[in-house]
Amino acid sequence: MVIWVFLPMFALVQWFVGPLRPTCEGGASNWAMLIVAVVIGSSIAAESRAWAAAKALLTRPERTIMHQLGVLQKRRRLVVLGIIEGLDVYTDLVFPLVAYTCDAKLTDRWLHSWEVVPVVGTYAVQILKRLRFWGFSLVSIGIVCLA
């Protein structure tokens, strides 16, 4: 829950705070990554507490069955997957900000790559000239987050 509430707000706030702002050369700042690590760490701590509470509700035979079915071992892999998912959410949210800082370097090359596409290339270039690369990525991330 924290990841889906805090990280989108943090992605917006970091644009206005100089040391947290991503750059074209370096991407996300180390300070921003430290904050993201703390958020993911708090999610892991909450998950561990919830897992301990769920296991406390089980009787001894139920724990034995869960162990035999491999549920306890699968949890470790799922925790790692959750960490990767948290990082993925953050990088998705910050990508339009990095694209904005790299706009001068990216948009012209990107438009040129669309010019050679048959049939839809010329129409895409007209739309994307106004939208720019960072605007397209912002719209794309917005659609992904809402879906």
# chains A, B, ... in the order shown; residues from 1 in each chain; ligands from 1
$ closest_atom_pairs --of "region 20-47 of chain A" --to "region 96-103 of chain A" --cutoff "12 Å" --atoms "only C-alpha atoms" --output "tab-separated table"
residue	atom	partner	partner_atom	distance
A:Leu20	CA	A:Leu97	CA	11.3
A:Arg21	CA	A:Leu97	CA	8.3
A:Pro22	CA	A:Val98	CA	5.8
A:Thr23	CA	A:Thr101	CA	6.0
A:Cys24	CA	A:Cys102	CA	5.0
A:Glu25	CA	A:Cys102	CA	8.3
A:Gly26	CA	A:Val98	CA	9.1
A:Gly27	CA	A:Val98	CA	6.2
A:Ala28	CA	A:Val98	CA	7.6
A:Ser29	CA	A:Val98	CA	10.7
$ write_last_selection --atoms "N, CA, C and O atoms" --output "mmCIF file, in the first residue's frame"
data_model
loop_
_atom_site.group_PDB
_atom_site.id
_atom_site.type_symbol
_atom_site.label_atom_id
_atom_site.label_comp_id
_atom_site.auth_asym_id
_atom_site.auth_seq_id
_atom_site.Cartn_x
_atom_site.Cartn_y
_atom_site.Cartn_z
ATOM 1 N N LEU A 20 17.065 15.887 -5.221
ATOM 2 C CA LEU A 20 16.346 14.658 -5.571
ATOM 3 C C LEU A 20 16.009 14.564 -7.055
ATOM 4 O O LEU A 20 15.635 13.511 -7.545
ATOM 5 N N ARG A 21 16.121 15.676 -7.768
ATOM 6 C CA ARG A 21 15.717 15.730 -9.171
ATOM 7 C C ARG A 21 16.599 14.837 -10.040
ATOM 8 O O ARG A 21 17.811 14.879 -9.951
ATOM 9 N N PRO A 22 15.987 14.021 -10.903
ATOM 10 C CA PRO A 22 16.794 13.181 -11.807
ATOM 11 C C PRO A 22 17.457 14.034 -12.883
ATOM 12 O O PRO A 22 16.975 15.100 -13.239
ATOM 13 N N THR A 23 18.583 13.541 -13.401
ATOM 14 C CA THR A 23 19.295 14.234 -14.470
ATOM 15 C C THR A 23 19.403 13.313 -15.677
ATOM 16 O O THR A 23 19.251 12.098 -15.560
ATOM 17 N N CYS A 24 19.700 13.904 -16.806
ATOM 18 C CA CYS A 24 19.847 13.113 -18.030
ATOM 19 C C CYS A 24 21.092 12.231 -17.955
ATOM 20 O O CYS A 24 21.075 11.084 -18.389
ATOM 21 N N GLU A 25 22.152 12.751 -17.404
ATOM 22 C CA GLU A 25 23.402 12.010 -17.350
ATOM 23 C C GLU A 25 23.377 10.914 -16.288
ATOM 24 O O GLU A 25 23.914 9.840 -16.490
ATOM 25 N N GLY A 26 22.784 11.201 -15.132
ATOM 26 C CA GLY A 26 22.869 10.272 -14.018
ATOM 27 C C GLY A 26 21.592 9.545 -13.672
ATOM 28 O O GLY A 26 21.607 8.621 -12.861
ATOM 29 N N GLY A 27 20.477 9.946 -14.236
ATOM 30 C CA GLY A 27 19.196 9.330 -13.894
ATOM 31 C C GLY A 27 18.746 9.755 -12.514
ATOM 32 O O GLY A 27 18.955 10.900 -12.108
ATOM 33 N N ALA A 28 18.153 8.855 -11.780
ATOM 34 C CA ALA A 28 17.657 9.159 -10.442
ATOM 35 C C ALA A 28 18.841 9.420 -9.507
ATOM 36 O O ALA A 28 19.893 8.792 -9.617
ATOM 37 N N SER A 29 18.660 10.344 -8.564
ATOM 38 C CA SER A 29 19.739 10.685 -7.637
ATOM 39 C C SER A 29 19.909 9.594 -6.581
ATOM 40 O O SER A 29 18.986 8.814 -6.311
#
$ residues_around --residues "Asp92 (chain A)" --least-positions-apart "6" --cutoff "12 Å" --atoms "only C-alpha atoms" --output "ChimeraX atom specification"
/A:7-8,11,28,85-86,98-99,137-145
$ select_by_dssp --residues "region 20-147 of chain A" --states "alpha helix (DSSP H)" --output "PyMOL selection string"
chain A and resi 30-56+60-69+71-101+103-115+121-146
$ residues_around --residues "region 49-62 of chain A" --least-positions-apart "6" --cutoff "10 Å" --atoms "only C-alpha atoms" --output "NGL selection string"
:A and (43 or 68 or 72 or 75)
$ write_last_selection --atoms "N, CA, C and O atoms" --output "compact mmCIF listing (two decimals), in the first residue's frame"
# COMPACT_ATOMS: atom_id res chain seq x y z
N SER A 43 8.01 -1.72 3.58
CA SER A 43 7.05 -2.69 3.03
C SER A 43 7.45 -4.11 3.39
O SER A 43 6.60 -4.94 3.71
N GLN A 68 5.05 -28.86 3.84
CA GLN A 68 5.12 -29.95 2.86
C GLN A 68 4.74 -29.49 1.46
O GLN A 68 5.26 -29.99 0.47
N LEU A 72 6.14 -22.22 2.50
CA LEU A 72 7.12 -21.45 3.26
C LEU A 72 8.34 -21.08 2.41
O LEU A 72 8.90 -20.00 2.55
N ARG A 75 7.56 -18.25 -0.26
CA ARG A 75 7.46 -16.90 0.29
C ARG A 75 8.75 -16.12 0.06
O ARG A 75 8.72 -14.95 -0.30
$ atom_distance --atom1 "CA of Trp4 (chain A)" --atom2 "CA of Pro19 (chain A)"
23.0 Å
$ residues_around --residues "Ile40 (chain A)" --least-positions-apart "4" --cutoff "9 Å" --atoms "only C-alpha atoms" --output "ChimeraX atom specification"
/A:2-3,35-36,44-45,82-83,86-87
$ residues_around --residues "Val125 (chain A)" --least-positions-apart "3" --cutoff "12 Å" --atoms "only C-alpha atoms" --output "VMD selection string"
chain A and resid 107 to 122 128 to 133 136
$ atom_distance --atom1 "CA of Val79 (chain A)" --atom2 "CA of His67 (chain A)"
17.0 Å
$ atom_distance --atom1 "CA of Leu12 (chain A)" --atom2 "CA of Val94 (chain A)"
8.4 Å
$ decode --residues "region 56-73 of chain A" --atoms "N, CA, C and O atoms" --output "PDB file, in the first residue's frame"
ATOM      1  N   ALA A  56       0.901 -17.371  13.045  1.00  0.00           N
ATOM      2  CA  ALA A  56       0.468 -17.559  14.434  1.00  0.00           C
ATOM      3  C   ALA A  56      -0.961 -18.084  14.505  1.00  0.00           C
ATOM      4  O   ALA A  56      -1.346 -18.732  15.486  1.00  0.00           O
ATOM      5  N   LEU A  57      -1.738 -17.835  13.472  1.00  0.00           N
ATOM      6  CA  LEU A  57      -3.117 -18.316  13.444  1.00  0.00           C
ATOM      7  C   LEU A  57      -3.211 -19.797  13.068  1.00  0.00           C
ATOM      8  O   LEU A  57      -4.251 -20.416  13.258  1.00  0.00           O
ATOM      9  N   LEU A  58      -2.143 -20.337  12.531  1.00  0.00           N
ATOM     10  CA  LEU A  58      -2.160 -21.730  12.070  1.00  0.00           C
ATOM     11  C   LEU A  58      -1.916 -22.694  13.229  1.00  0.00           C
ATOM     12  O   LEU A  58      -1.133 -22.412  14.140  1.00  0.00           O
ATOM     13  N   THR A  59      -2.549 -23.826  13.146  1.00  0.00           N
ATOM     14  CA  THR A  59      -2.262 -24.898  14.105  1.00  0.00           C
ATOM     15  C   THR A  59      -1.016 -25.641  13.640  1.00  0.00           C
ATOM     16  O   THR A  59      -0.563 -25.477  12.502  1.00  0.00           O
ATOM     17  N   ARG A  60      -0.478 -26.462  14.500  1.00  0.00           N
ATOM     18  CA  ARG A  60       0.736 -27.210  14.166  1.00  0.00           C
ATOM     19  C   ARG A  60       0.533 -28.093  12.925  1.00  0.00           C
ATOM     20  O   ARG A  60       1.386 -28.100  12.035  1.00  0.00           O
ATOM     21  N   PRO A  61      -0.581 -28.824  12.798  1.00  0.00           N
ATOM     22  CA  PRO A  61      -0.779 -29.629  11.573  1.00  0.00           C
ATOM     23  C   PRO A  61      -0.880 -28.760  10.307  1.00  0.00           C
ATOM     24  O   PRO A  61      -0.385 -29.161   9.241  1.00  0.00           O
ATOM     25  N   GLU A  62      -1.500 -27.606  10.431  1.00  0.00           N
ATOM     26  CA  GLU A  62      -1.612 -26.726   9.255  1.00  0.00           C
ATOM     27  C   GLU A  62      -0.236 -26.219   8.831  1.00  0.00           C
ATOM     28  O   GLU A  62       0.056 -26.128   7.630  1.00  0.00           O
ATOM     29  N   ARG A  63       0.613 -25.891   9.781  1.00  0.00           N
ATOM     30  CA  ARG A  63       1.980 -25.471   9.454  1.00  0.00           C
ATOM     31  C   ARG A  63       2.752 -26.601   8.771  1.00  0.00           C
ATOM     32  O   ARG A  63       3.505 -26.360   7.827  1.00  0.00           O
ATOM     33  N   THR A  64       2.558 -27.798   9.244  1.00  0.00           N
ATOM     34  CA  THR A  64       3.226 -28.950   8.643  1.00  0.00           C
ATOM     35  C   THR A  64       2.801 -29.124   7.195  1.00  0.00           C
ATOM     36  O   THR A  64       3.625 -29.352   6.299  1.00  0.00           O
ATOM     37  N   ILE A  65       1.509 -28.990   6.946  1.00  0.00           N
ATOM     38  CA  ILE A  65       0.993 -29.115   5.574  1.00  0.00           C
ATOM     39  C   ILE A  65       1.550 -27.995   4.691  1.00  0.00           C
ATOM     40  O   ILE A  65       1.970 -28.239   3.558  1.00  0.00           O
ATOM     41  N   MET A  66       1.582 -26.756   5.207  1.00  0.00           N
ATOM     42  CA  MET A  66       2.138 -25.649   4.424  1.00  0.00           C
ATOM     43  C   MET A  66       3.609 -25.883   4.110  1.00  0.00           C
ATOM     44  O   MET A  66       4.080 -25.561   3.012  1.00  0.00           O
ATOM     45  N   HIS A  67       4.324 -26.451   5.067  1.00  0.00           N
ATOM     46  CA  HIS A  67       5.738 -26.754   4.844  1.00  0.00           C
ATOM     47  C   HIS A  67       5.887 -27.836   3.766  1.00  0.00           C
ATOM     48  O   HIS A  67       6.741 -27.726   2.880  1.00  0.00           O
ATOM     49  N   GLN A  68       5.052 -28.864   3.837  1.00  0.00           N
ATOM     50  CA  GLN A  68       5.115 -29.953   2.863  1.00  0.00           C
ATOM     51  C   GLN A  68       4.736 -29.489   1.459  1.00  0.00           C
ATOM     52  O   GLN A  68       5.264 -29.992   0.471  1.00  0.00           O
ATOM     53  N   LEU A  69       3.824 -28.542   1.374  1.00  0.00           N
ATOM     54  CA  LEU A  69       3.409 -28.016   0.068  1.00  0.00           C
ATOM     55  C   LEU A  69       4.399 -26.990  -0.491  1.00  0.00           C
ATOM     56  O   LEU A  69       4.259 -26.538  -1.626  1.00  0.00           O
ATOM     57  N   GLY A  70       5.375 -26.597   0.313  1.00  0.00           N
ATOM     58  CA  GLY A  70       6.394 -25.659  -0.160  1.00  0.00           C
ATOM     59  C   GLY A  70       5.991 -24.198  -0.055  1.00  0.00           C
ATOM     60  O   GLY A  70       6.645 -23.340  -0.640  1.00  0.00           O
ATOM     61  N   VAL A  71       4.923 -23.907   0.662  1.00  0.00           N
ATOM     62  CA  VAL A  71       4.453 -22.531   0.786  1.00  0.00           C
ATOM     63  C   VAL A  71       5.496 -21.668   1.485  1.00  0.00           C
ATOM     64  O   VAL A  71       5.731 -20.520   1.104  1.00  0.00           O
ATOM     65  N   LEU A  72       6.144 -22.221   2.499  1.00  0.00           N
ATOM     66  CA  LEU A  72       7.123 -21.447   3.264  1.00  0.00           C
ATOM     67  C   LEU A  72       8.343 -21.081   2.412  1.00  0.00           C
ATOM     68  O   LEU A  72       8.895 -20.001   2.551  1.00  0.00           O
ATOM     69  N   GLN A  73       8.761 -21.958   1.517  1.00  0.00           N
ATOM     70  CA  GLN A  73       9.894 -21.660   0.646  1.00  0.00           C
ATOM     71  C   GLN A  73       9.514 -20.680  -0.460  1.00  0.00           C
ATOM     72  O   GLN A  73      10.330 -19.859  -0.862  1.00  0.00           O
TER      73      GLN A  73
END
